[in-house]
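Source file: query.pdb. Holds: PDB, C-alpha atoms and all ligand atoms.
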```
ATOM      1  CA  MET E 650     -18.922 -17.915 -22.407
ATOM      2  CA  LYS E 651     -15.935 -16.824 -24.499
ATOM      3  CA  VAL E 652     -14.149 -13.639 -23.452
ATOM      4  CA  GLY E 653     -11.253 -12.090 -25.340
ATOM      5  CA  VAL E 654      -9.165  -9.444 -23.607
ATOM      6  CA  ILE E 655      -6.600  -7.130 -25.183
ATOM      7  CA  THR E 656      -4.224  -6.005 -22.461
ATOM      8  CA  LEU E 657      -0.588  -5.008 -21.946
ATOM      9  CA  PHE E 658      -0.711  -6.915 -18.628
ATOM     10  CA  PRO E 659      -2.012 -10.442 -19.385
ATOM     11  CA  GLU E 660      -0.379 -11.788 -16.214
ATOM     12  CA  LEU E 661      -2.500  -9.390 -14.151
ATOM     13  CA  MET E 662      -5.667 -10.722 -15.807
ATOM     14  CA  ASP E 663      -4.617 -14.376 -15.597
ATOM     15  CA  GLY E 664      -3.757 -14.181 -11.906
ATOM     16  CA  ALA E 665      -6.997 -12.498 -10.931
ATOM     17  CA  LEU E 666      -9.055 -15.039 -12.849
ATOM     18  CA  GLU E 667      -7.608 -18.226 -11.338
ATOM     19  CA  HIS E 668      -9.553 -18.125  -8.102
ATOM     20  CA  GLY E 669     -13.027 -18.803  -6.762
ATOM     21  CA  VAL E 670     -16.143 -19.065  -8.881
ATOM     22  CA  ILE E 671     -14.400 -17.657 -11.970
ATOM     23  CA  GLY E 672     -11.372 -19.943 -11.603
ATOM     24  CA  ARG E 673     -13.658 -22.978 -11.372
ATOM     25  CA  ALA E 674     -15.680 -21.782 -14.380
ATOM     26  CA  ARG E 675     -12.454 -21.692 -16.399
ATOM     27  CA  THR E 676     -11.440 -25.141 -15.183
ATOM     28  CA  LYS E 677     -14.895 -26.490 -16.095
ATOM     29  CA  GLY E 678     -14.768 -24.839 -19.517
ATOM     30  CA  GLN E 679     -17.749 -22.598 -18.740
ATOM     31  CA  LEU E 680     -15.533 -19.564 -19.297
ATOM     32  CA  GLU E 681     -12.954 -19.530 -22.089
ATOM     33  CA  LEU E 682     -10.523 -16.656 -21.734
ATOM     34  CA  GLU E 683      -8.300 -15.602 -24.617
ATOM     35  CA  LEU E 684      -5.751 -12.853 -23.914
ATOM     36  CA  SER E 685      -3.861 -10.901 -26.550
ATOM     37  CA  ASN E 686      -0.998  -8.523 -25.742
ATOM     38  CA  PRO E 687      -0.321  -5.796 -28.343
ATOM     39  CA  ARG E 688       3.358  -5.898 -27.310
ATOM     40  CA  ASP E 689       3.588  -9.403 -28.784
ATOM     41  CA  LEU E 690       2.413  -7.991 -32.144
ATOM     42  CA  THR E 691       4.884  -5.114 -32.484
ATOM     43  CA  ALA E 692       7.255  -4.977 -35.456
ATOM     44  CA  ASP E 693      10.137  -3.036 -33.897
ATOM     45  CA  LYS E 694      12.928  -4.403 -31.751
ATOM     46  CA  HIS E 695      11.913  -2.201 -28.820
ATOM     47  CA  ARG E 696       8.389  -3.670 -28.946
ATOM     48  CA  THR E 697       6.911  -0.149 -28.801
ATOM     49  CA  VAL E 698       3.202   0.082 -27.936
ATOM     50  CA  ASP E 699       2.874   3.754 -27.050
ATOM     51  CA  ASP E 700       3.985   7.122 -28.337
ATOM     52  CA  ARG E 701       3.669  10.815 -27.584
ATOM     53  CA  PRO E 702       0.321  12.508 -28.317
ATOM     54  CA  PHE E 703      -0.006  14.652 -31.464
ATOM     55  CA  GLY E 704      -0.846  18.181 -30.366
ATOM     56  CA  GLY E 705       1.343  17.795 -27.285
ATOM     57  CA  GLY E 706       0.225  17.347 -23.701
ATOM     58  CA  PRO E 707       1.164  14.971 -20.897
ATOM     59  CA  GLY E 708       1.456  11.208 -21.040
ATOM     60  CA  MET E 709       1.462   8.712 -23.893
ATOM     61  CA  VAL E 710      -1.101   7.174 -26.225
ATOM     62  CA  MET E 711      -1.335   3.495 -27.277
ATOM     63  CA  THR E 712      -0.226   3.326 -30.927
ATOM     64  CA  PRO E 713      -2.772   2.035 -33.475
ATOM     65  CA  ALA E 714      -0.858  -0.740 -35.269
ATOM     66  CA  PRO E 715      -0.065  -3.293 -32.505
ATOM     67  CA  LEU E 716      -3.421  -2.638 -30.809
ATOM     68  CA  SER E 717      -5.329  -3.138 -34.079
ATOM     69  CA  ALA E 718      -3.362  -6.330 -34.739
ATOM     70  CA  ALA E 719      -4.317  -7.645 -31.298
ATOM     71  CA  ILE E 720      -8.005  -6.858 -31.851
ATOM     72  CA  VAL E 721      -7.978  -8.449 -35.322
ATOM     73  CA  SER E 722      -6.305 -11.584 -33.958
ATOM     74  CA  LEU E 723      -9.105 -12.037 -31.415
ATOM     75  CA  LYS E 724     -11.814 -11.150 -33.942
ATOM     76  CA  GLU E 725     -10.514 -13.999 -36.121
ATOM     77  CA  ALA E 726     -10.819 -16.356 -33.147
ATOM     78  CA  MET E 727     -14.231 -14.952 -32.130
ATOM     79  CA  PRO E 728     -15.809 -13.418 -35.250
ATOM     80  CA  GLU E 729     -19.234 -13.075 -33.606
ATOM     81  CA  ALA E 730     -17.967 -11.193 -30.548
ATOM     82  CA  PRO E 731     -18.671  -7.460 -30.168
ATOM     83  CA  VAL E 732     -15.486  -5.401 -29.622
ATOM     84  CA  VAL E 733     -15.907  -3.308 -26.469
ATOM     85  CA  TYR E 734     -13.399  -0.600 -25.478
ATOM     86  CA  LEU E 735     -13.456  -0.028 -21.717
ATOM     87  CA  SER E 736     -13.201   3.716 -21.234
ATOM     88  CA  PRO E 737     -14.496   6.580 -19.099
ATOM     89  CA  GLN E 738     -16.210   7.893 -22.235
ATOM     90  CA  GLY E 739     -18.312   4.741 -22.474
ATOM     91  CA  ARG E 740     -21.911   3.875 -21.654
ATOM     92  CA  PRO E 741     -22.214   2.904 -17.955
ATOM     93  CA  PHE E 742     -21.981  -0.868 -17.466
ATOM     94  CA  ASP E 743     -24.976  -2.455 -15.760
ATOM     95  CA  GLN E 744     -26.594  -5.833 -15.097
ATOM     96  CA  ALA E 745     -28.681  -5.611 -18.273
ATOM     97  CA  MET E 746     -25.456  -5.330 -20.293
ATOM     98  CA  ALA E 747     -23.991  -8.300 -18.406
ATOM     99  CA  ARG E 748     -27.080 -10.354 -19.258
ATOM    100  CA  ALA E 749     -26.961  -9.323 -22.907
ATOM    101  CA  TRP E 750     -23.302 -10.320 -23.310
ATOM    102  CA  GLN E 751     -23.837 -13.625 -21.501
ATOM    103  CA  ALA E 752     -26.786 -14.387 -23.760
ATOM    104  CA  HIS E 753     -24.732 -13.465 -26.818
ATOM    105  CA  GLY E 754     -22.067 -15.927 -25.673
ATOM    106  CA  SER E 755     -18.902 -13.928 -26.401
ATOM    107  CA  VAL E 756     -17.326 -10.509 -26.043
ATOM    108  CA  ILE E 757     -13.921  -8.933 -26.758
ATOM    109  CA  LEU E 758     -12.795  -6.395 -24.138
ATOM    110  CA  VAL E 759     -10.092  -3.806 -24.909
ATOM    111  CA  ALA E 760      -8.292  -2.455 -21.824
ATOM    112  CA  GLY E 761      -6.521   0.860 -22.325
ATOM    113  CA  ARG E 762      -3.387   2.134 -20.632
ATOM    114  CA  TYR E 763      -1.539   5.495 -20.552
ATOM    115  CA  GLU E 764      -3.874   8.323 -21.601
ATOM    116  CA  GLY E 765      -5.859   6.029 -23.860
ATOM    117  CA  ILE E 766      -5.833   4.576 -27.353
ATOM    118  CA  ASP E 767      -5.529   6.183 -30.804
ATOM    119  CA  GLU E 768      -9.053   7.251 -31.834
ATOM    120  CA  ARG E 769      -8.663   5.656 -35.261
ATOM    121  CA  VAL E 770      -8.711   2.229 -33.590
ATOM    122  CA  ILE E 771     -12.074   3.082 -32.009
ATOM    123  CA  ASP E 772     -13.430   4.364 -35.335
ATOM    124  CA  ARG E 773     -12.295   1.272 -37.245
ATOM    125  CA  LEU E 774     -12.599  -1.685 -34.860
ATOM    126  CA  VAL E 775     -14.556  -0.834 -31.699
ATOM    127  CA  ASP E 776     -18.289  -1.585 -31.651
ATOM    128  CA  GLU E 777     -19.047   0.008 -28.279
ATOM    129  CA  GLU E 778     -17.394   1.974 -25.452
ATOM    130  CA  VAL E 779     -18.389   0.957 -21.925
ATOM    131  CA  SER E 780     -17.447   2.524 -18.567
ATOM    132  CA  LEU E 781     -17.391   1.116 -15.057
ATOM    133  CA  GLY E 782     -17.877   4.550 -13.530
ATOM    134  CA  ASP E 783     -16.739   8.133 -13.211
ATOM    135  CA  PHE E 784     -13.312   7.844 -11.608
ATOM    136  CA  VAL E 785      -9.711   7.758 -12.817
ATOM    137  CA  LEU E 786      -7.929   4.423 -13.236
ATOM    138  CA  SER E 787      -4.405   3.527 -14.394
ATOM    139  CA  GLY E 788      -5.767   1.029 -16.873
ATOM    140  CA  GLY E 789      -8.908  -0.701 -18.063
ATOM    141  CA  GLU E 790      -7.867  -4.125 -16.715
ATOM    142  CA  PHE E 791      -9.698  -3.886 -13.394
ATOM    143  CA  ALA E 792     -12.828  -2.753 -15.227
ATOM    144  CA  ALA E 793     -12.449  -5.782 -17.504
ATOM    145  CA  LEU E 794     -12.089  -8.085 -14.477
ATOM    146  CA  ALA E 795     -15.274  -6.735 -12.909
ATOM    147  CA  ILE E 796     -17.173  -7.209 -16.164
ATOM    148  CA  ILE E 797     -15.829 -10.761 -16.654
ATOM    149  CA  ASP E 798     -16.972 -11.620 -13.114
ATOM    150  CA  ALA E 799     -20.455 -10.147 -13.643
ATOM    151  CA  VAL E 800     -20.946 -11.942 -16.968
ATOM    152  CA  THR E 801     -19.481 -15.321 -15.948
ATOM    153  CA  ARG E 802     -21.725 -15.562 -12.868
ATOM    154  CA  LEU E 803     -24.722 -15.500 -15.195
ATOM    155  CA  GLU E 804     -23.468 -18.504 -17.172
ATOM    156  CA  PRO E 805     -25.708 -21.528 -16.361
ATOM    157  CA  GLY E 806     -23.991 -23.965 -14.004
ATOM    158  CA  VAL E 807     -21.370 -21.513 -12.765
ATOM    159  CA  LEU E 808     -23.157 -20.667  -9.527
ATOM    160  CA  GLY E 809     -23.995 -23.709  -7.370
ATOM    161  CA  ASP E 810     -27.354 -22.216  -6.497
ATOM    162  CA  PRO E 811     -28.829 -20.636  -9.644
ATOM    163  CA  LEU E 812     -31.227 -18.688  -7.434
ATOM    164  CA  SER E 813     -28.368 -16.675  -5.914
ATOM    165  CA  ALA E 814     -27.681 -15.111  -9.306
ATOM    166  CA  GLU E 815     -31.339 -14.109  -9.376
ATOM    167  CA  GLU E 816     -31.364 -13.197  -5.675
ATOM    168  CA  ASP E 817     -28.410 -10.847  -6.129
ATOM    169  CA  SER E 818     -30.233  -7.602  -5.672
ATOM    170  CA  PHE E 819     -29.716  -6.573  -9.278
ATOM    171  CA  GLY E 820     -31.175  -9.939 -10.209
ATOM    172  CA  ILE E 821     -34.442  -8.895  -8.540
ATOM    173  CA  GLU E 822     -35.345  -6.222 -11.130
ATOM    174  CA  GLY E 823     -32.480  -3.945 -10.079
ATOM    175  CA  LEU E 824     -33.117  -3.400  -6.358
ATOM    176  CA  LEU E 825     -30.393  -2.983  -3.737
ATOM    177  CA  ASP E 826     -29.722  -5.973  -1.504
ATOM    178  CA  CYS E 827     -31.288  -6.623   1.889
ATOM    179  CA  PRO E 828     -29.130  -6.875   5.055
ATOM    180  CA  HIS E 829     -27.416 -10.245   5.673
ATOM    181  CA  TYR E 830     -26.673 -11.912   9.018
ATOM    182  CA  THR E 831     -24.918 -15.095  10.102
ATOM    183  CA  ARG E 832     -23.591 -16.710  13.322
ATOM    184  CA  PRO E 833     -23.095 -15.819  16.117
ATOM    185  CA  GLU E 834     -26.678 -14.806  16.932
ATOM    186  CA  VAL E 835     -25.380 -12.146  19.337
ATOM    187  CA  TYR E 836     -22.206 -10.292  18.373
ATOM    188  CA  GLU E 837     -20.870  -7.426  20.480
ATOM    189  CA  ASN E 838     -24.288  -7.229  22.155
ATOM    190  CA  GLN E 839     -25.919  -6.817  18.731
ATOM    191  CA  THR E 840     -28.643  -9.296  17.885
ATOM    192  CA  VAL E 841     -30.184 -10.522  14.612
ATOM    193  CA  PRO E 842     -33.659  -9.329  13.453
ATOM    194  CA  ALA E 843     -36.121 -11.739  15.094
ATOM    195  CA  VAL E 844     -37.970 -12.476  11.832
ATOM    196  CA  LEU E 845     -34.810 -14.174  10.464
ATOM    197  CA  MET E 846     -34.789 -16.535  13.451
ATOM    198  CA  SER E 847     -38.535 -17.279  13.194
ATOM    199  CA  GLY E 848     -38.439 -20.043  10.589
ATOM    200  CA  ASP E 849     -41.442 -18.342   8.955
ATOM    201  CA  HIS E 850     -40.171 -18.366   5.364
ATOM    202  CA  LYS E 851     -43.040 -16.279   4.040
ATOM    203  CA  ALA E 852     -42.420 -13.560   6.652
ATOM    204  CA  ILE E 853     -38.649 -13.743   6.009
ATOM    205  CA  ALA E 854     -39.130 -13.328   2.246
ATOM    206  CA  ARG E 855     -41.446 -10.375   2.824
ATOM    207  CA  TRP E 856     -39.012  -8.751   5.290
ATOM    208  CA  ARG E 857     -36.113  -9.141   2.847
ATOM    209  CA  ARG E 858     -38.119  -7.713  -0.033
ATOM    210  CA  GLN E 859     -39.223  -4.748   2.081
ATOM    211  CA  GLN E 860     -35.660  -4.122   3.249
ATOM    212  CA  SER E 861     -34.500  -4.094  -0.389
ATOM    213  CA  LEU E 862     -37.301  -1.695  -1.349
ATOM    214  CA  ALA E 863     -36.660   0.671   1.601
ATOM    215  CA  ARG E 864     -32.899   0.731   1.013
ATOM    216  CA  THR E 865     -33.357   1.318  -2.704
ATOM    217  CA  ARG E 866     -35.751   4.174  -2.022
ATOM    218  CA  ASP E 867     -33.392   5.707   0.555
ATOM    219  CA  ARG E 868     -30.084   5.259  -1.269
ATOM    220  CA  ARG E 869     -30.812   4.886  -4.994
ATOM    221  CA  PRO E 870     -34.398   6.137  -5.622
ATOM    222  CA  GLU E 871     -33.704   6.382  -9.358
ATOM    223  CA  LEU E 872     -33.456   2.573  -9.498
ATOM    224  CA  LEU E 873     -37.075   2.310  -8.320
ATOM    225  CA  GLU E 874     -38.210   3.980 -11.550
ATOM    226  CA  LYS E 875     -36.889   1.050 -13.584
ATOM    227  CA  ALA E 876     -37.810  -1.660 -11.075
ATOM    228  CA  ASP E 877     -40.628  -4.109 -11.760
ATOM    229  CA  LEU E 878     -42.721  -3.525  -8.599
ATOM    230  CA  THR E 879     -45.733  -5.547  -7.484
ATOM    231  CA  LYS E 880     -48.864  -3.951  -6.040
ATOM    232  CA  GLU E 881     -47.708  -5.076  -2.572
ATOM    233  CA  ASP E 882     -44.335  -3.384  -3.180
ATOM    234  CA  LYS E 883     -46.058  -0.113  -4.041
ATOM    235  CA  VAL E 884     -48.336  -0.291  -0.993
ATOM    236  CA  PHE E 885     -45.275  -0.869   1.209
ATOM    237  CA  LEU E 886     -43.347   2.033  -0.322
ATOM    238  CA  THR E 887     -46.302   4.342   0.155
ATOM    239  CA  SER E 888     -46.455   3.293   3.810
ATOM    240  CA  LEU E 889     -42.867   4.446   4.410
ATOM    241  CA  GLY E 890     -42.335   7.855   5.943
ATOM    242  CA  PRO E 891     -39.946  10.458   4.446
ATOM    243  CA  SER E 892     -36.616   8.964   3.342
ATOM    244  CA  ASP E 893     -33.831   9.246   5.931
ATOM    245  CA  GLY E 894     -31.276   8.632   3.189
ATOM    246  CA  ASN E 895     -29.970   5.477   4.894
TER     247      ASN E 895
HETATM  248  C1  LIG B 901     -13.309  10.058 -15.397
HETATM  249  C2  LIG B 901     -12.068  10.038 -16.238
HETATM  250  C3  LIG B 901     -11.803  11.109 -17.100
HETATM  251  C4  LIG B 901     -10.661  11.077 -17.865
HETATM  252  C5  LIG B 901      -9.760   9.993 -17.813
HETATM  253  C6  LIG B 901     -10.046   8.940 -16.935
HETATM  254  C7  LIG B 901      -9.151   7.758 -16.833
HETATM  255  O1  LIG B 901      -9.211   7.026 -15.890
HETATM  256  N1  LIG B 901      -8.283   7.534 -17.835
HETATM  257  C8  LIG B 901      -7.367   6.433 -17.811
HETATM  258  C9  LIG B 901      -7.984   5.168 -18.336
HETATM  259  N2  LIG B 901      -9.188   4.891 -17.606
HETATM  260  C10 LIG B 901      -9.979   3.815 -17.780
HETATM  261  O2  LIG B 901      -9.722   2.919 -18.563
HETATM  262  C11 LIG B 901     -11.273   3.794 -17.012
HETATM  263  C12 LIG B 901     -11.497   4.709 -15.991
HETATM  264  C13 LIG B 901     -12.705   4.682 -15.307
HETATM  265  C14 LIG B 901     -13.724   3.764 -15.586
HETATM  266  C15 LIG B 901     -13.481   2.843 -16.606
HETATM  267  N3  LIG B 901     -14.266   1.852 -17.082
HETATM  268  O3  LIG B 901     -13.598   1.240 -18.063
HETATM  269  C16 LIG B 901     -12.394   1.802 -18.235
HETATM  270  C17 LIG B 901     -12.275   2.837 -17.322
HETATM  271  C18 LIG B 901      -8.273   5.272 -19.827
HETATM  272  C19 LIG B 901      -7.093   4.733 -20.554
HETATM  273  C20 LIG B 901      -6.204   4.057 -19.543
HETATM  274  C21 LIG B 901      -6.963   4.056 -18.249
HETATM  275  C22 LIG B 901     -11.199   8.954 -16.142
END
```
Translate the structure of the given file into structure tokens.
Amino acid sequence: MKVGVITLFPELMDGALEHGVIGRARTKGQLELELSNPRDLTADKHRTVDDRPFGGGPGMVMTPAPLSAAIVSLKEAMPEAPVVYLSPQGRPFDQAMARAWQAHGSVILVAGRYEGIDERVIDRLVDEEVSLGDFVLSGGEFAALAIIDAVTRLEPGVLGDPLSAEEDSFGIEGLLDCPHYTRPEVYENQTVPAVLMSGDHKAIARWRRQQSLARTRDRRPELLEKADLTKEDKVFLTSLGPSDGN
């Protein structure tokens, strides 16, 4: 997987991507990260990357020239990669998008700062706008980090146990995850569901599936519409009483 990132804070990206599963994927060459900082491509001695908005108003806007130069430099290195601007105006990111970008093999992510980027850069160079959610951030970098994590995990060989990528709840046709327990067996007088201690793997798998289904119905019923449910799933859901929302 090749990921290009345009960011004014490459050190922030680098640092966050040196650890854990993602850090190892980089070391093993399963993830190639190429960062480009528009500030390095400025032509003025003050290395200006932002300016005041036409039409007035608060804050600053990222200027088009250095940002375009940074995008073009990565497009030359990764001509097949789609250019994705991370922004609140974008299409919500989801596991299907992560799978599509992993399958494609490369993506260029543009992280905004200030109030955003000059619209002419979007018109000319951006293929798609994608959002991590409806909240205000200082920059697109943390959205980029989340997306890089989601995509890299899907790369074959990155996760020790390939099943865990599938078993992540969104791997199982977009259901929420079941509860998880580990030692000690009794903690603060709270015990573990007996089925998990039974050694009956069929019963455990059924319990986990039913927990995922019940939680999805209670907390995110809209996900059930898109989920790929078996007949047994549907029978179980019908057997549940009214949702208690938890
Ligand atoms: C709801 C709302 C309305 C108006 C502005 C903002 C806002 O947060 N504007 C600031 C910026 N936000 C993001 O980049 C950003 C934010 C959230 C999710 C994201 N997913 O990807 C990038 C994302 C845009 C340029 C610099 C940071 C948010």
> Residues within 12 Å of ligand LIG 901 (chain B) (only C-alpha atoms and all ligand atoms), as a PyMOL selection string?
Replying inline: chain E and resi 656-657+699+708-711+733-743+758-768+777-796
Residues at most 10 Å from E:Leu808, counting only C-alpha atoms, excluding those fewer than 6 positions away in the same chain, as an mmCIF file with C-alpha atoms, in the frame of the given file?
```cif
data_model
loop_
_atom_site.group_PDB
_atom_site.id
_atom_site.type_symbol
_atom_site.label_atom_id
_atom_site.label_comp_id
_atom_site.auth_asym_id
_atom_site.auth_seq_id
_atom_site.Cartn_x
_atom_site.Cartn_y
_atom_site.Cartn_z
ATOM 1 C CA VAL E 670 -16.143 -19.065 -8.881
ATOM 2 C CA ILE E 671 -14.400 -17.657 -11.970
ATOM 3 C CA ARG E 673 -13.658 -22.978 -11.372
ATOM 4 C CA ALA E 674 -15.680 -21.782 -14.380
ATOM 5 C CA THR E 801 -19.481 -15.321 -15.948
ATOM 6 C CA ARG E 802 -21.725 -15.562 -12.868
ATOM 7 C CA ALA E 814 -27.681 -15.111 -9.306
#
```
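One distance worth recording is that between atom CA of E:Leu803 and atom CA of E:Val732, which is 19.9 Å.
Atom pair atom CA of E:Glu725 / atom CA of E:Ile757: separated by 11.2 Å.
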> Mind pulling up the distance from atom CA of E:Ser755 to atom CA of E:Pro731?
Replying inline: 7.5 Å
Please output stretch 780-797 of chain E, rebuilt to include N, CA, C and O atoms, as a PDB file, keeping the file's coordinate frame.
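Once everything was written out, this is part-v3.pdb:
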```pdb
ATOM      1  N   SER E 780     -18.183   2.038 -19.737  1.00  0.00           N
ATOM      2  CA  SER E 780     -17.447   2.524 -18.567  1.00  0.00           C
ATOM      3  C   SER E 780     -17.942   1.865 -17.284  1.00  0.00           C
ATOM      4  O   SER E 780     -19.130   1.575 -17.151  1.00  0.00           O
ATOM      5  N   LEU E 781     -17.018   1.682 -16.352  1.00  0.00           N
ATOM      6  CA  LEU E 781     -17.391   1.116 -15.057  1.00  0.00           C
ATOM      7  C   LEU E 781     -17.790   2.226 -14.090  1.00  0.00           C
ATOM      8  O   LEU E 781     -18.369   1.963 -13.046  1.00  0.00           O
ATOM      9  N   GLY E 782     -17.490   3.472 -14.432  1.00  0.00           N
ATOM     10  CA  GLY E 782     -17.877   4.550 -13.530  1.00  0.00           C
ATOM     11  C   GLY E 782     -17.017   5.783 -13.716  1.00  0.00           C
ATOM     12  O   GLY E 782     -16.036   5.751 -14.461  1.00  0.00           O
ATOM     13  N   ASP E 783     -17.397   6.834 -12.998  1.00  0.00           N
ATOM     14  CA  ASP E 783     -16.739   8.133 -13.211  1.00  0.00           C
ATOM     15  C   ASP E 783     -15.620   8.335 -12.196  1.00  0.00           C
ATOM     16  O   ASP E 783     -15.789   9.016 -11.189  1.00  0.00           O
ATOM     17  N   PHE E 784     -14.492   7.689 -12.467  1.00  0.00           N
ATOM     18  CA  PHE E 784     -13.312   7.844 -11.608  1.00  0.00           C
ATOM     19  C   PHE E 784     -12.102   7.562 -12.487  1.00  0.00           C
ATOM     20  O   PHE E 784     -12.242   7.029 -13.591  1.00  0.00           O
ATOM     21  N   VAL E 785     -10.924   7.904 -12.007  1.00  0.00           N
ATOM     22  CA  VAL E 785      -9.711   7.758 -12.817  1.00  0.00           C
ATOM     23  C   VAL E 785      -9.000   6.445 -12.449  1.00  0.00           C
ATOM     24  O   VAL E 785      -8.822   6.144 -11.267  1.00  0.00           O
ATOM     25  N   LEU E 786      -8.680   5.666 -13.460  1.00  0.00           N
ATOM     26  CA  LEU E 786      -7.929   4.423 -13.236  1.00  0.00           C
ATOM     27  C   LEU E 786      -6.620   4.477 -14.014  1.00  0.00           C
ATOM     28  O   LEU E 786      -6.490   5.256 -14.957  1.00  0.00           O
ATOM     29  N   SER E 787      -5.682   3.584 -13.672  1.00  0.00           N
ATOM     30  CA  SER E 787      -4.405   3.527 -14.394  1.00  0.00           C
ATOM     31  C   SER E 787      -4.556   2.728 -15.680  1.00  0.00           C
ATOM     32  O   SER E 787      -3.753   2.829 -16.595  1.00  0.00           O
ATOM     33  N   GLY E 788      -5.587   1.873 -15.696  1.00  0.00           N
ATOM     34  CA  GLY E 788      -5.767   1.029 -16.873  1.00  0.00           C
ATOM     35  C   GLY E 788      -7.164   0.436 -16.859  1.00  0.00           C
ATOM     36  O   GLY E 788      -7.848   0.467 -15.843  1.00  0.00           O
ATOM     37  N   GLY E 789      -7.574  -0.115 -17.960  1.00  0.00           N
ATOM     38  CA  GLY E 789      -8.908  -0.701 -18.063  1.00  0.00           C
ATOM     39  C   GLY E 789      -9.003  -2.126 -17.549  1.00  0.00           C
ATOM     40  O   GLY E 789     -10.088  -2.707 -17.524  1.00  0.00           O
ATOM     41  N   GLU E 790      -7.865  -2.694 -17.097  1.00  0.00           N
ATOM     42  CA  GLU E 790      -7.867  -4.125 -16.715  1.00  0.00           C
ATOM     43  C   GLU E 790      -8.822  -4.430 -15.565  1.00  0.00           C
ATOM     44  O   GLU E 790      -9.545  -5.437 -15.598  1.00  0.00           O
ATOM     45  N   PHE E 791      -8.830  -3.587 -14.537  1.00  0.00           N
ATOM     46  CA  PHE E 791      -9.698  -3.886 -13.394  1.00  0.00           C
ATOM     47  C   PHE E 791     -11.169  -3.744 -13.772  1.00  0.00           C
ATOM     48  O   PHE E 791     -12.018  -4.484 -13.277  1.00  0.00           O
ATOM     49  N   ALA E 792     -11.447  -2.841 -14.717  1.00  0.00           N
ATOM     50  CA  ALA E 792     -12.828  -2.753 -15.227  1.00  0.00           C
ATOM     51  C   ALA E 792     -13.173  -4.040 -15.974  1.00  0.00           C
ATOM     52  O   ALA E 792     -14.257  -4.607 -15.798  1.00  0.00           O
ATOM     53  N   ALA E 793     -12.216  -4.537 -16.756  1.00  0.00           N
ATOM     54  CA  ALA E 793     -12.449  -5.782 -17.504  1.00  0.00           C
ATOM     55  C   ALA E 793     -12.701  -6.934 -16.551  1.00  0.00           C
ATOM     56  O   ALA E 793     -13.598  -7.765 -16.760  1.00  0.00           O
ATOM     57  N   LEU E 794     -11.926  -6.989 -15.450  1.00  0.00           N
ATOM     58  CA  LEU E 794     -12.089  -8.085 -14.477  1.00  0.00           C
ATOM     59  C   LEU E 794     -13.481  -8.050 -13.856  1.00  0.00           C
ATOM     60  O   LEU E 794     -14.148  -9.081 -13.711  1.00  0.00           O
ATOM     61  N   ALA E 795     -13.934  -6.855 -13.523  1.00  0.00           N
ATOM     62  CA  ALA E 795     -15.274  -6.735 -12.909  1.00  0.00           C
ATOM     63  C   ALA E 795     -16.341  -7.214 -13.894  1.00  0.00           C
ATOM     64  O   ALA E 795     -17.260  -7.962 -13.535  1.00  0.00           O
ATOM     65  N   ILE E 796     -16.186  -6.829 -15.140  1.00  0.00           N
ATOM     66  CA  ILE E 796     -17.173  -7.209 -16.164  1.00  0.00           C
ATOM     67  C   ILE E 796     -17.152  -8.717 -16.404  1.00  0.00           C
ATOM     68  O   ILE E 796     -18.196  -9.374 -16.479  1.00  0.00           O
ATOM     69  N   ILE E 797     -15.945  -9.305 -16.444  1.00  0.00           N
ATOM     70  CA  ILE E 797     -15.829 -10.761 -16.654  1.00  0.00           C
ATOM     71  C   ILE E 797     -16.516 -11.490 -15.496  1.00  0.00           C
ATOM     72  O   ILE E 797     -17.250 -12.460 -15.696  1.00  0.00           O
TER      73      ILE E 797
END
```
